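K.L.:
run-v4.cif is reproduced below (mmCIF, C-alpha atoms).
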```cif
data_work
loop_
_atom_site.label_atom_id
_atom_site.label_comp_id
_atom_site.auth_asym_id
_atom_site.auth_seq_id
_atom_site.Cartn_x
_atom_site.Cartn_y
_atom_site.Cartn_z
CA MET A 1 -23.30 -4.08 137.90
CA LYS A 2 -26.35 -5.99 136.84
CA GLY A 3 -26.47 -8.23 133.82
CA SER A 4 -28.30 -5.87 131.46
CA CYS A 5 -29.04 -2.18 131.17
CA ALA A 6 -32.78 -2.85 131.16
CA GLU A 7 -32.36 -4.22 134.70
CA ASP A 8 -30.38 -1.23 135.91
CA ASP A 9 -32.25 2.04 135.44
CA LYS A 10 -29.43 4.00 137.09
CA PHE A 11 -26.82 3.08 134.50
CA GLN A 12 -26.19 6.32 132.67
CA VAL A 13 -24.23 6.99 129.48
CA ILE A 14 -23.29 10.44 128.25
CA ASN A 15 -22.34 10.73 124.57
CA ILE A 16 -20.42 13.82 123.48
CA CYS A 17 -20.01 14.94 119.86
CA THR A 18 -19.46 18.29 118.16
CA ASN A 19 -22.68 18.04 116.10
CA ASP A 20 -25.54 15.59 115.59
CA PHE A 21 -25.37 16.02 111.79
CA GLY A 22 -22.75 15.39 109.13
CA GLY A 23 -21.09 12.00 108.78
CA ALA A 24 -19.57 11.67 112.24
CA GLY A 25 -22.44 13.48 113.97
CA LYS A 26 -25.03 11.24 112.37
CA ALA A 27 -23.05 8.16 113.40
CA ALA A 28 -22.84 9.36 117.01
CA LEU A 29 -26.56 10.18 117.02
CA ARG A 30 -27.32 6.64 115.87
CA VAL A 31 -25.26 5.28 118.77
CA HIS A 32 -27.21 7.46 121.21
CA GLN A 33 -30.58 6.48 119.75
CA SER A 34 -29.69 2.79 119.78
CA LEU A 35 -28.81 3.04 123.48
CA LEU A 36 -32.16 4.68 124.20
CA ASN A 37 -33.91 1.91 122.30
CA CYS A 38 -32.04 -0.60 124.49
CA SER A 39 -33.50 1.07 127.61
CA VAL A 40 -30.25 2.81 128.55
CA ASP A 41 -30.34 6.26 130.17
CA SER A 42 -28.37 7.90 127.37
CA ARG A 43 -27.82 11.65 127.00
CA PHE A 44 -26.22 13.34 124.00
CA PHE A 45 -24.36 16.64 124.35
CA VAL A 46 -23.44 18.55 121.19
CA ARG A 47 -22.15 21.95 120.23
CA GLN A 48 -24.83 22.32 117.57
CA SER A 49 -27.97 20.27 116.92
CA ARG A 50 -30.28 19.88 113.93
CA SER A 51 -32.14 16.79 115.10
CA CYS A 52 -35.37 16.42 117.03
CA ALA A 53 -34.14 13.30 118.80
CA PRO A 54 -34.85 12.93 122.53
CA GLN A 55 -32.22 13.64 125.18
CA VAL A 56 -30.05 15.76 122.87
CA PHE A 57 -28.66 18.94 124.44
CA GLU A 58 -27.11 21.84 122.56
CA CYS A 59 -24.36 23.48 124.56
CA SER A 60 -23.48 26.77 122.87
CA SER A 61 -24.98 29.86 121.30
CA LYS A 62 -25.37 30.16 117.53
CA PHE A 63 -23.10 33.20 117.53
CA GLY A 64 -20.43 31.31 119.45
CA VAL A 65 -20.62 28.40 117.02
CA TYR A 66 -20.30 30.50 113.87
CA SER A 67 -17.53 32.75 115.22
CA SER A 68 -15.58 29.72 116.45
CA LYS A 69 -15.97 28.01 113.07
CA LEU A 70 -14.77 31.11 111.21
CA VAL A 71 -11.63 31.48 113.32
CA SER A 72 -10.93 27.74 113.11
CA VAL A 73 -11.32 27.61 109.31
CA LEU A 74 -9.09 30.63 108.76
CA ARG A 75 -6.36 29.29 111.01
CA ARG A 76 -6.44 25.79 109.51
CA ASN A 77 -6.31 27.06 105.92
CA ILE A 78 -3.32 29.25 106.74
CA GLN A 79 -1.36 26.69 108.76
CA TYR A 80 -2.17 23.24 107.32
CA ARG A 81 -2.86 21.36 104.13
CA LYS A 82 -6.59 21.04 103.68
CA GLU A 83 -6.68 17.33 102.81
CA TYR A 84 -5.41 16.29 106.26
CA CYS A 85 -8.49 17.78 107.98
CA MET A 86 -6.57 19.30 110.90
CA TYR A 87 -9.65 20.02 112.98
CA SER A 88 -8.20 18.70 116.24
CA VAL A 89 -4.70 20.09 116.59
CA ALA A 90 -5.96 23.48 117.88
CA ASP A 91 -7.86 21.56 120.60
CA GLU A 92 -10.47 24.25 121.10
CA SER A 93 -13.22 24.20 123.68
CA GLN A 94 -16.61 25.72 122.91
CA GLY A 95 -18.45 26.39 126.15
CA ASP A 96 -18.21 24.49 129.42
CA ILE A 97 -19.32 20.89 128.94
CA LEU A 98 -18.82 19.99 132.62
CA SER A 99 -21.14 22.77 133.80
CA GLU A 100 -23.75 21.75 131.22
CA ILE A 101 -23.77 18.20 132.57
CA LEU A 102 -23.80 19.24 136.23
CA GLU A 103 -26.64 21.71 135.67
CA LYS A 104 -28.81 18.78 134.58
CA GLY A 105 -27.99 16.82 137.73
CA LEU A 106 -26.34 13.99 135.81
CA SER A 107 -23.75 11.56 137.13
CA PRO A 108 -22.65 9.25 134.31
CA ASP A 109 -21.31 5.74 134.71
CA VAL A 110 -19.76 5.99 131.24
CA ILE A 111 -18.76 8.87 128.98
CA VAL A 112 -18.40 8.15 125.27
CA LEU A 113 -16.45 10.72 123.28
CA HIS A 114 -17.15 10.74 119.55
CA TRP A 115 -16.04 13.49 117.10
CA ILE A 116 -15.28 16.33 119.56
CA SER A 117 -13.10 18.75 117.55
CA GLY A 118 -13.88 22.40 118.23
CA PHE A 119 -16.16 21.46 121.11
CA VAL A 120 -14.38 19.57 123.89
CA SER A 121 -10.66 19.95 124.61
CA LEU A 122 -8.21 17.60 126.30
CA ASP A 123 -8.41 19.80 129.41
CA ASP A 124 -12.20 19.37 129.37
CA ILE A 125 -11.76 15.59 129.33
CA VAL A 126 -9.55 15.79 132.42
CA ARG A 127 -12.14 17.93 134.22
CA LEU A 128 -14.88 15.42 133.34
CA TYR A 129 -12.77 12.57 134.68
CA ASP A 130 -11.86 14.41 137.89
CA GLU A 131 -15.52 15.19 138.55
CA PHE A 132 -17.14 11.84 137.75
CA LYS A 133 -14.32 9.26 138.01
CA CYS A 134 -16.23 7.19 135.47
CA LYS A 135 -15.11 5.06 132.55
CA ILE A 136 -14.33 7.04 129.41
CA TYR A 137 -14.34 5.61 125.90
CA TRP A 138 -13.23 7.39 122.74
CA TYR A 139 -15.20 6.12 119.74
CA ALA A 140 -12.95 6.45 116.70
CA LEU A 141 -15.01 7.45 113.68
CA ASP A 142 -11.86 8.62 111.91
CA MET A 143 -8.20 8.90 112.92
CA SER A 144 -8.36 11.97 115.17
CA PRO A 145 -8.53 10.18 118.56
CA PHE A 146 -5.09 8.62 118.02
CA THR A 147 -3.15 11.20 115.96
CA GLY A 148 -1.50 14.52 116.63
CA GLY A 149 -4.42 16.41 115.11
CA CYS A 150 -5.22 15.10 111.64
CA HIS A 151 -8.42 13.20 110.94
CA PHE A 152 -6.93 11.50 107.88
CA SER A 153 -3.19 10.87 107.67
CA TRP A 154 -2.87 10.06 103.93
CA GLN A 155 -0.51 7.15 104.63
CA CYS A 156 1.63 9.15 107.07
CA ARG A 157 2.58 6.83 109.95
CA GLY A 158 3.77 9.57 112.30
CA TYR A 159 1.03 8.75 114.82
CA GLU A 160 2.79 5.43 115.45
CA SER A 161 5.65 7.33 117.09
CA THR A 162 5.75 11.08 117.83
CA CYS A 163 3.89 12.91 115.00
CA SER A 164 6.94 15.10 114.48
CA ASP A 165 7.76 16.74 111.12
CA CYS A 166 4.07 16.73 110.23
CA PRO A 167 3.52 16.65 106.43
CA ALA A 168 0.28 18.58 106.87
CA SER A 169 2.06 21.66 108.15
CA LEU A 170 2.58 24.55 105.73
CA HIS A 171 5.06 26.43 107.92
CA ASN A 172 8.10 25.62 110.06
CA TYR A 173 6.54 27.31 113.09
CA THR A 174 3.62 24.84 113.09
CA ILE A 175 5.49 21.67 112.14
CA ASP A 176 5.89 20.48 115.74
CA ASN A 177 2.41 21.47 116.98
CA THR A 178 1.28 17.93 116.23
CA SER A 179 3.99 16.28 118.32
CA GLN A 180 3.20 18.59 121.25
CA TYR A 181 -0.49 17.79 120.95
CA LEU A 182 0.20 14.04 120.74
CA ARG A 183 2.33 14.22 123.91
CA LYS A 184 -0.47 15.99 125.77
CA LYS A 185 -3.04 13.52 124.45
CA LYS A 186 -0.85 10.66 125.70
CA GLU A 187 -0.78 12.18 129.20
CA VAL A 188 -4.55 12.69 129.24
CA ILE A 189 -5.35 9.18 127.99
CA GLN A 190 -3.05 7.70 130.61
CA TYR A 191 -4.36 9.87 133.45
CA CYS A 192 -8.05 9.34 132.59
CA ASP A 193 -7.62 5.63 131.80
CA ILE A 194 -9.37 6.08 128.44
CA SER A 195 -10.24 3.10 126.25
CA ALA A 196 -10.68 3.31 122.49
CA ILE A 197 -13.54 1.92 120.41
CA ALA A 198 -12.96 1.37 116.69
CA ALA A 199 -15.91 1.42 114.30
CA ASN A 200 -14.31 -1.26 112.08
CA ASN A 201 -11.18 -3.36 111.54
CA TRP A 202 -9.51 -0.64 109.47
CA LEU A 203 -9.59 1.75 112.45
CA TYR A 204 -8.86 -1.02 114.95
CA ASP A 205 -5.61 -1.90 113.19
CA GLN A 206 -4.58 1.76 113.07
CA ILE A 207 -5.29 2.27 116.78
CA MET A 208 -3.29 -0.86 117.60
CA ARG A 209 -0.31 0.72 115.81
CA SER A 210 -0.79 4.07 117.55
CA SER A 211 1.73 5.19 120.17
CA LEU A 212 -1.06 6.26 122.54
CA PRO A 213 -1.56 4.23 125.75
CA PHE A 214 -5.27 3.40 125.59
CA LYS A 215 -6.38 1.18 128.47
CA ASN A 216 -8.19 -1.17 126.07
CA ILE A 217 -9.00 -1.18 122.36
CA HIS A 218 -12.37 -2.56 121.27
CA LYS A 219 -14.26 -2.88 118.00
CA CYS A 220 -17.95 -1.98 117.86
CA TYR A 221 -19.75 -1.53 114.57
CA LEU A 222 -21.96 1.52 114.20
CA PRO A 223 -25.67 0.66 114.48
CA LEU A 224 -28.07 0.86 111.55
CA LYS A 225 -31.85 0.57 111.69
CA SER A 226 -32.68 -2.44 109.55
CA ASP A 227 -36.34 -1.40 109.40
CA VAL A 228 -35.30 1.89 107.77
CA PHE A 229 -32.48 0.60 105.59
CA TYR A 230 -34.06 -2.37 103.83
CA ASP A 231 -34.54 -3.83 100.38
CA HIS A 232 -37.56 -2.16 98.75
CA LYS A 233 -36.56 -3.85 95.50
CA SER A 234 -37.93 -7.16 96.75
CA GLY A 235 -41.33 -5.65 97.52
CA SER A 236 -44.24 -4.39 95.51
CA ASP A 237 -43.34 -0.75 96.13
CA TYR A 238 -40.18 -0.97 94.02
CA LYS A 239 -40.39 0.40 90.50
CA ASN A 240 -37.40 0.75 88.26
CA ILE A 241 -37.27 4.26 86.86
CA ASP A 242 -36.23 2.93 83.43
CA ASP A 243 -34.84 -0.23 81.84
CA SER A 244 -31.13 0.45 82.40
CA VAL A 245 -28.92 -0.60 85.30
CA HIS A 246 -28.70 2.21 87.82
CA ILE A 247 -25.34 2.93 89.40
CA LEU A 248 -25.37 5.25 92.41
CA PHE A 249 -22.39 7.49 93.03
CA GLY A 250 -22.18 10.29 95.55
CA SER A 251 -21.36 11.44 99.06
CA GLN A 252 -22.14 14.34 101.35
CA LYS A 253 -19.22 16.25 99.82
CA ILE A 254 -18.76 14.84 96.35
CA ASP A 255 -15.97 17.34 95.54
CA ASP A 256 -13.88 16.28 98.57
CA PRO A 257 -10.60 14.83 97.19
CA ARG A 258 -10.90 11.97 99.69
CA LYS A 259 -14.01 10.74 97.88
CA GLY A 260 -12.09 10.16 94.66
CA VAL A 261 -14.47 11.60 92.09
CA VAL A 262 -11.63 11.78 89.55
CA TYR A 263 -11.25 8.00 89.81
CA PHE A 264 -14.96 7.52 89.27
CA ILE A 265 -14.81 9.56 86.06
CA GLU A 266 -11.77 7.58 84.90
CA ALA A 267 -13.55 4.31 85.73
CA MET A 268 -16.62 5.34 83.72
CA LYS A 269 -14.45 6.08 80.71
CA GLU A 270 -12.68 2.73 81.12
CA LEU A 271 -16.06 1.00 81.46
CA SER A 272 -17.31 2.62 78.27
CA GLY A 273 -14.30 1.26 76.42
CA LEU A 274 -14.79 -2.24 77.86
CA LEU A 275 -18.45 -2.26 76.86
CA ASN A 276 -17.56 -1.25 73.30
CA GLN A 277 -15.21 -4.23 73.06
CA LEU A 278 -17.79 -6.81 74.16
CA ASP A 279 -19.34 -9.18 71.67
CA GLU A 280 -22.34 -9.79 73.95
CA GLU A 281 -25.13 -7.33 74.62
CA VAL A 282 -25.06 -5.82 78.11
CA GLN A 283 -27.43 -3.27 79.61
CA LEU A 284 -25.86 0.17 79.67
CA PRO A 285 -25.78 1.89 83.06
CA THR A 286 -27.53 5.07 84.09
CA ILE A 287 -25.57 7.04 86.68
CA LEU A 288 -27.55 8.45 89.60
CA LEU A 289 -26.02 11.52 91.25
CA PRO A 290 -27.74 12.96 94.36
CA GLY A 291 -27.66 16.64 95.24
CA ASN A 292 -26.39 19.70 93.44
CA VAL A 293 -23.85 18.38 90.98
CA SER A 294 -22.03 20.57 88.50
CA GLY A 295 -22.69 20.24 84.79
CA GLU A 296 -18.93 19.96 84.33
CA LEU A 297 -18.98 16.65 86.21
CA THR A 298 -21.95 15.19 84.36
CA GLU A 299 -20.41 16.07 80.99
CA LYS A 300 -17.33 14.00 81.82
CA ILE A 301 -19.37 10.83 82.40
CA PRO A 302 -19.88 8.89 79.12
CA PHE A 303 -23.24 7.47 80.17
CA LYS A 304 -26.72 8.76 80.80
CA VAL A 305 -26.81 10.74 84.06
CA LYS A 306 -29.84 11.40 86.24
CA LEU A 307 -29.71 13.98 89.01
CA ILE A 308 -31.84 13.13 92.02
CA PRO A 309 -32.59 15.12 95.19
CA PHE A 310 -30.17 14.89 98.09
CA ALA A 311 -31.48 12.85 101.04
CA ASN A 312 -32.56 14.88 104.07
CA ASN A 313 -32.99 11.89 106.37
CA ASP A 314 -32.39 8.15 106.60
CA VAL A 315 -35.75 7.23 105.07
CA GLU A 316 -34.98 9.29 101.96
CA LEU A 317 -31.45 7.90 101.90
CA SER A 318 -32.81 4.35 101.95
CA ARG A 319 -35.02 5.16 98.97
CA ILE A 320 -32.02 6.43 97.03
CA TYR A 321 -30.13 3.18 97.59
CA ASN A 322 -33.22 1.35 96.41
CA LEU A 323 -33.33 3.29 93.16
CA SER A 324 -29.97 1.72 92.40
CA GLU A 325 -28.87 -1.75 91.44
CA LEU A 326 -25.27 -0.93 92.40
CA PHE A 327 -23.44 1.60 94.58
CA VAL A 328 -19.89 2.60 93.65
CA SER A 329 -17.51 4.00 96.26
CA THR A 330 -14.27 5.58 95.09
CA ALA A 331 -13.13 6.86 98.49
CA ILE A 332 -9.33 6.86 98.55
CA GLU A 333 -8.82 8.07 102.14
CA ASP A 334 -11.67 7.19 104.46
CA SER A 335 -12.39 5.40 107.71
CA GLY A 336 -15.81 4.33 106.42
CA PRO A 337 -17.61 5.26 104.32
CA MET A 338 -20.92 4.63 106.10
CA MET A 339 -22.62 4.56 102.70
CA ILE A 340 -21.12 1.11 102.05
CA SER A 341 -22.86 -0.53 105.00
CA GLU A 342 -26.07 1.44 104.42
CA SER A 343 -26.18 0.37 100.79
CA LEU A 344 -25.56 -3.28 101.63
CA LEU A 345 -28.31 -3.28 104.26
CA CYS A 346 -30.66 -1.96 101.57
CA GLY A 347 -29.77 -4.95 99.40
CA THR A 348 -27.74 -2.85 96.98
CA PRO A 349 -24.36 -4.46 96.18
CA VAL A 350 -21.24 -2.30 96.29
CA VAL A 351 -18.12 -1.93 94.18
CA SER A 352 -15.38 -0.14 96.09
CA PHE A 353 -11.70 0.52 96.34
CA GLU A 354 -9.95 -1.42 99.13
CA MET A 355 -10.36 1.41 101.62
CA GLY A 356 -11.84 1.76 105.10
CA VAL A 357 -14.58 -0.71 105.93
CA ALA A 358 -14.82 -2.08 102.36
CA PRO A 359 -12.27 -4.96 102.67
CA GLU A 360 -14.04 -6.07 105.83
CA LEU A 361 -17.56 -6.13 104.39
CA LEU A 362 -17.21 -6.90 100.68
CA LYS A 363 -16.54 -10.32 99.23
CA ASN A 364 -15.94 -10.51 95.50
CA GLY A 365 -18.92 -11.98 93.69
CA TYR A 366 -20.91 -12.43 96.92
CA ASN A 367 -22.20 -8.97 97.87
CA GLY A 368 -20.11 -6.79 95.59
CA TYR A 369 -16.55 -6.36 94.40
CA LEU A 370 -13.26 -4.87 95.58
CA ALA A 371 -10.66 -3.07 93.46
CA LEU A 372 -7.15 -1.97 94.35
CA ASN A 373 -7.09 1.56 95.73
CA LYS A 374 -6.90 4.21 92.99
CA ASP A 375 -7.01 1.58 90.23
CA SER A 376 -9.76 2.94 87.97
CA ARG A 377 -9.25 0.23 85.36
CA GLU A 378 -9.81 -2.56 87.88
CA LEU A 379 -12.80 -0.70 89.30
CA ALA A 380 -14.32 -0.56 85.80
CA SER A 381 -13.64 -4.27 85.34
CA LYS A 382 -15.48 -5.07 88.59
CA ILE A 383 -18.45 -2.94 87.57
CA LEU A 384 -18.56 -4.79 84.26
CA GLN A 385 -18.65 -8.11 86.13
CA PHE A 386 -21.81 -6.91 87.86
CA LEU A 387 -23.39 -5.66 84.64
CA ARG A 388 -22.87 -9.08 83.07
CA LEU A 389 -24.84 -10.86 85.83
CA ASN A 390 -28.29 -12.10 84.90
CA PRO A 391 -31.36 -11.07 86.96
CA ALA A 392 -31.32 -14.25 89.06
CA GLU A 393 -27.64 -13.77 89.94
CA ARG A 394 -28.27 -10.13 90.88
CA ALA A 395 -31.17 -11.16 93.12
CA ILE A 396 -28.89 -13.58 94.98
CA MET A 397 -26.25 -10.88 95.39
CA ARG A 398 -28.94 -8.51 96.69
CA ARG A 399 -29.94 -10.98 99.40
CA ASN A 400 -26.30 -11.60 100.26
CA ALA A 401 -25.69 -7.86 100.53
CA ARG A 402 -28.32 -7.39 103.23
CA ALA A 403 -27.45 -10.58 105.10
CA SER A 404 -23.75 -9.65 105.21
CA VAL A 405 -24.36 -6.60 107.41
CA GLU A 406 -27.68 -7.28 109.11
CA SER A 407 -26.12 -9.83 111.44
CA ILE A 408 -23.46 -7.39 112.71
CA MET A 409 -24.73 -3.83 112.17
CA SER A 410 -28.47 -3.98 112.80
CA GLU A 411 -29.35 -1.76 115.73
CA GLY A 412 -29.95 -4.62 118.15
CA LYS A 413 -26.74 -6.48 117.31
CA ALA A 414 -24.49 -3.42 117.30
CA CYS A 415 -26.01 -1.99 120.48
CA HIS A 416 -25.61 -5.32 122.30
CA ASN A 417 -21.95 -5.37 121.32
CA LEU A 418 -21.41 -1.80 122.54
CA LEU A 419 -23.21 -2.44 125.82
CA ASN A 420 -21.19 -5.58 126.42
CA THR A 421 -18.06 -3.50 125.87
CA ILE A 422 -18.86 -0.58 128.17
CA TYR A 423 -20.45 -2.81 130.83
CA THR A 424 -17.74 -5.39 131.20
CA HIS A 425 -14.47 -3.66 130.26
#
```
Could you render the structure as structure tokens?

P.N.:
Amino acid sequence: MKGSCAEDDKFQVINICTNDFGGAGKAALRVHQSLLNCSVDSRFFVRQSRSCAPQVFECSSKFGVYSSKLVSVLRRNIQYRKEYCMYSVADESQGDILSEILEKGLSPDVIVLHWISGFVSLDDIVRLYDEFKCKIYWYALDMSPFTGGCHFSWQCRGYESTCSDCPASLHNYTIDNTSQYLRKKKEVIQYCDISAIAANNWLYDQIMRSSLPFKNIHKCYLPLKSDVFYDHKSGSDYKNIDDSVHILFGSQKIDDPRKGVVYFIEAMKELSGLLNQLDEEVQLPTILLPGNVSGELTEKIPFKVKLIPFANNDVELSRIYNLSELFVSTAIEDSGPMMISESLLCGTPVVSFEMGVAPELLKNGYNGYLALNKDSRELASKILQFLRLNPAERAIMRRNARASVESIMSEGKACHNLLNTIYTH
């Protein structure tokens, strides 16, 4: 192969993901768009699309999507504990991905699988490999590529061996479905010579412990557009909406137990108590909550709360980060969250539990603070440390926040790393 994709117009990458929206879908779409921007012939096949991005192909009817989702949700809720997100164990295929690709006359050099649950099955992967004999990478955006079906294991280490006696199972007749699925996945990965790509160190370490025989295991950060996610606060367009310190809290599904909203509420109560004990005067925080948030939640927070509209795109999301002086993540089971890196790139420091990408990106007192997982008291203490900073110290932390991720996650840097991986390995 030639030295760069720009020199080789025939180099073709096909990305496959269930959707191009939602957390994993948006991440996969960013990968696809970054490849296009690096002059790669990238195509993106999804079960359902909501984007207007180029070279994105929807592969199933709306009726098929909704009926498949209904059956899948009913079966999962009956057979498995909800918190494990058992989207993959059924290994369903929606449509015929191989025919869709062939109908467009494509012949990929590389196939990148992203979040494929309910769209592409293990048998589909074998058919793709048999047809194209190309390199296949599985981009781990959560744990599903290397487990027996769960997307989050909640400290279960079964994926390191056989995934037997699955704690997610609600019934004896489903308890070994995971081990059967893991065995089949092992056969497919070995037969198709599949390599894994981890989105961060947290996932990389988990894949390294997995019992699955990936050909290689790489780490490639997800790309972010640094001209979209940037620090408005340093420019003339930034206007503080009042004189308090704004703390952003939220996620796409704020009521998801994985996001730890109960720990955020506990931390706010702890913070209120700490502030009352201080002899010095410290600005009180205003809590910013995006989207439709219940009054029950806002009443539990002992500070002023402002509800703001949910972001419909990355530009709006960037503006939300820039309304905030601090973003707080209380995710207790997460392979990201992406909001941490997005916030940092916008120059908004982060306080987070030691979960997912947070230990890799955050350095205490430099671009934010880390607290032990599920320790609301320590989280409150870290937030207080930020509140006690003077304006000059916050400005330095803001600059550090952006610099800490721009050098590794900006679109150009992340795309170069991914291309180097799929070109040379």

K.L.:
Exactly which residues make up the result of the PyMOL selection byres ((chain A and resi 375) around 12) on this file, given as a ChimeraX atom specification?

P.N.:
/A:260,262-267,270,330-332,352-355,370-374,376-382

K.L.:
I need the residues from that last selection saved to file as a compact mmCIF listing (two decimals), in the frame of the given file (with C-alpha atoms), if you can.

P.N.:
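New file selection-v5.txt:
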```txt
# COMPACT_ATOMS: atom_id res chain seq x y z
CA GLY A 260 -12.09 10.16 94.66
CA VAL A 262 -11.63 11.78 89.55
CA TYR A 263 -11.25 8.00 89.81
CA PHE A 264 -14.96 7.52 89.27
CA ILE A 265 -14.81 9.56 86.06
CA GLU A 266 -11.77 7.58 84.90
CA ALA A 267 -13.55 4.31 85.73
CA GLU A 270 -12.68 2.73 81.12
CA THR A 330 -14.27 5.58 95.09
CA ALA A 331 -13.13 6.86 98.49
CA ILE A 332 -9.33 6.86 98.55
CA SER A 352 -15.38 -0.14 96.09
CA PHE A 353 -11.70 0.52 96.34
CA GLU A 354 -9.95 -1.42 99.13
CA MET A 355 -10.36 1.41 101.62
CA LEU A 370 -13.26 -4.87 95.58
CA ALA A 371 -10.66 -3.07 93.46
CA LEU A 372 -7.15 -1.97 94.35
CA ASN A 373 -7.09 1.56 95.73
CA LYS A 374 -6.90 4.21 92.99
CA SER A 376 -9.76 2.94 87.97
CA ARG A 377 -9.25 0.23 85.36
CA GLU A 378 -9.81 -2.56 87.88
CA LEU A 379 -12.80 -0.70 89.30
CA ALA A 380 -14.32 -0.56 85.80
CA SER A 381 -13.64 -4.27 85.34
CA LYS A 382 -15.48 -5.07 88.59
```

K.L.:
Write out as a PyMOL selection string each polymer residue whose atoms come within 12 Å of Arg258 of chain A, counting only C-alpha atoms; drop sequence neighbours fewer than 6 positions from it.

P.N.:
chain A and resi 82-85+151-154+251-252+329-337+353+355-356+373-374

K.L.:
Counting all atoms listed in the file, what is within 12 Å of Asp123 of chain A, bar same-chain residues fewer than 2 positions away, as a ChimeraX atom specification?

P.N.:
/A:91-93,96-98,119-121,125-130,181,184-185,187-189,191-192

K.L.:
Can you work out which one of A:His171, A:Met86, A:Glu411, A:Glu100 has the shortest atom-to-atom distance to Asp124 of chain A, counting all atoms listed in the file?

P.N.:
A:Glu100

K.L.:
Quick one: residues within 12 Å of Leu384 of chain A, all atoms listed in the file, excluding same-chain residues fewer than 2 positions away - as a ChimeraX atom specification?

P.N.:
/A:245,247,267-268,270-278,281-285,326,351,365,368-369,377-382,386-389
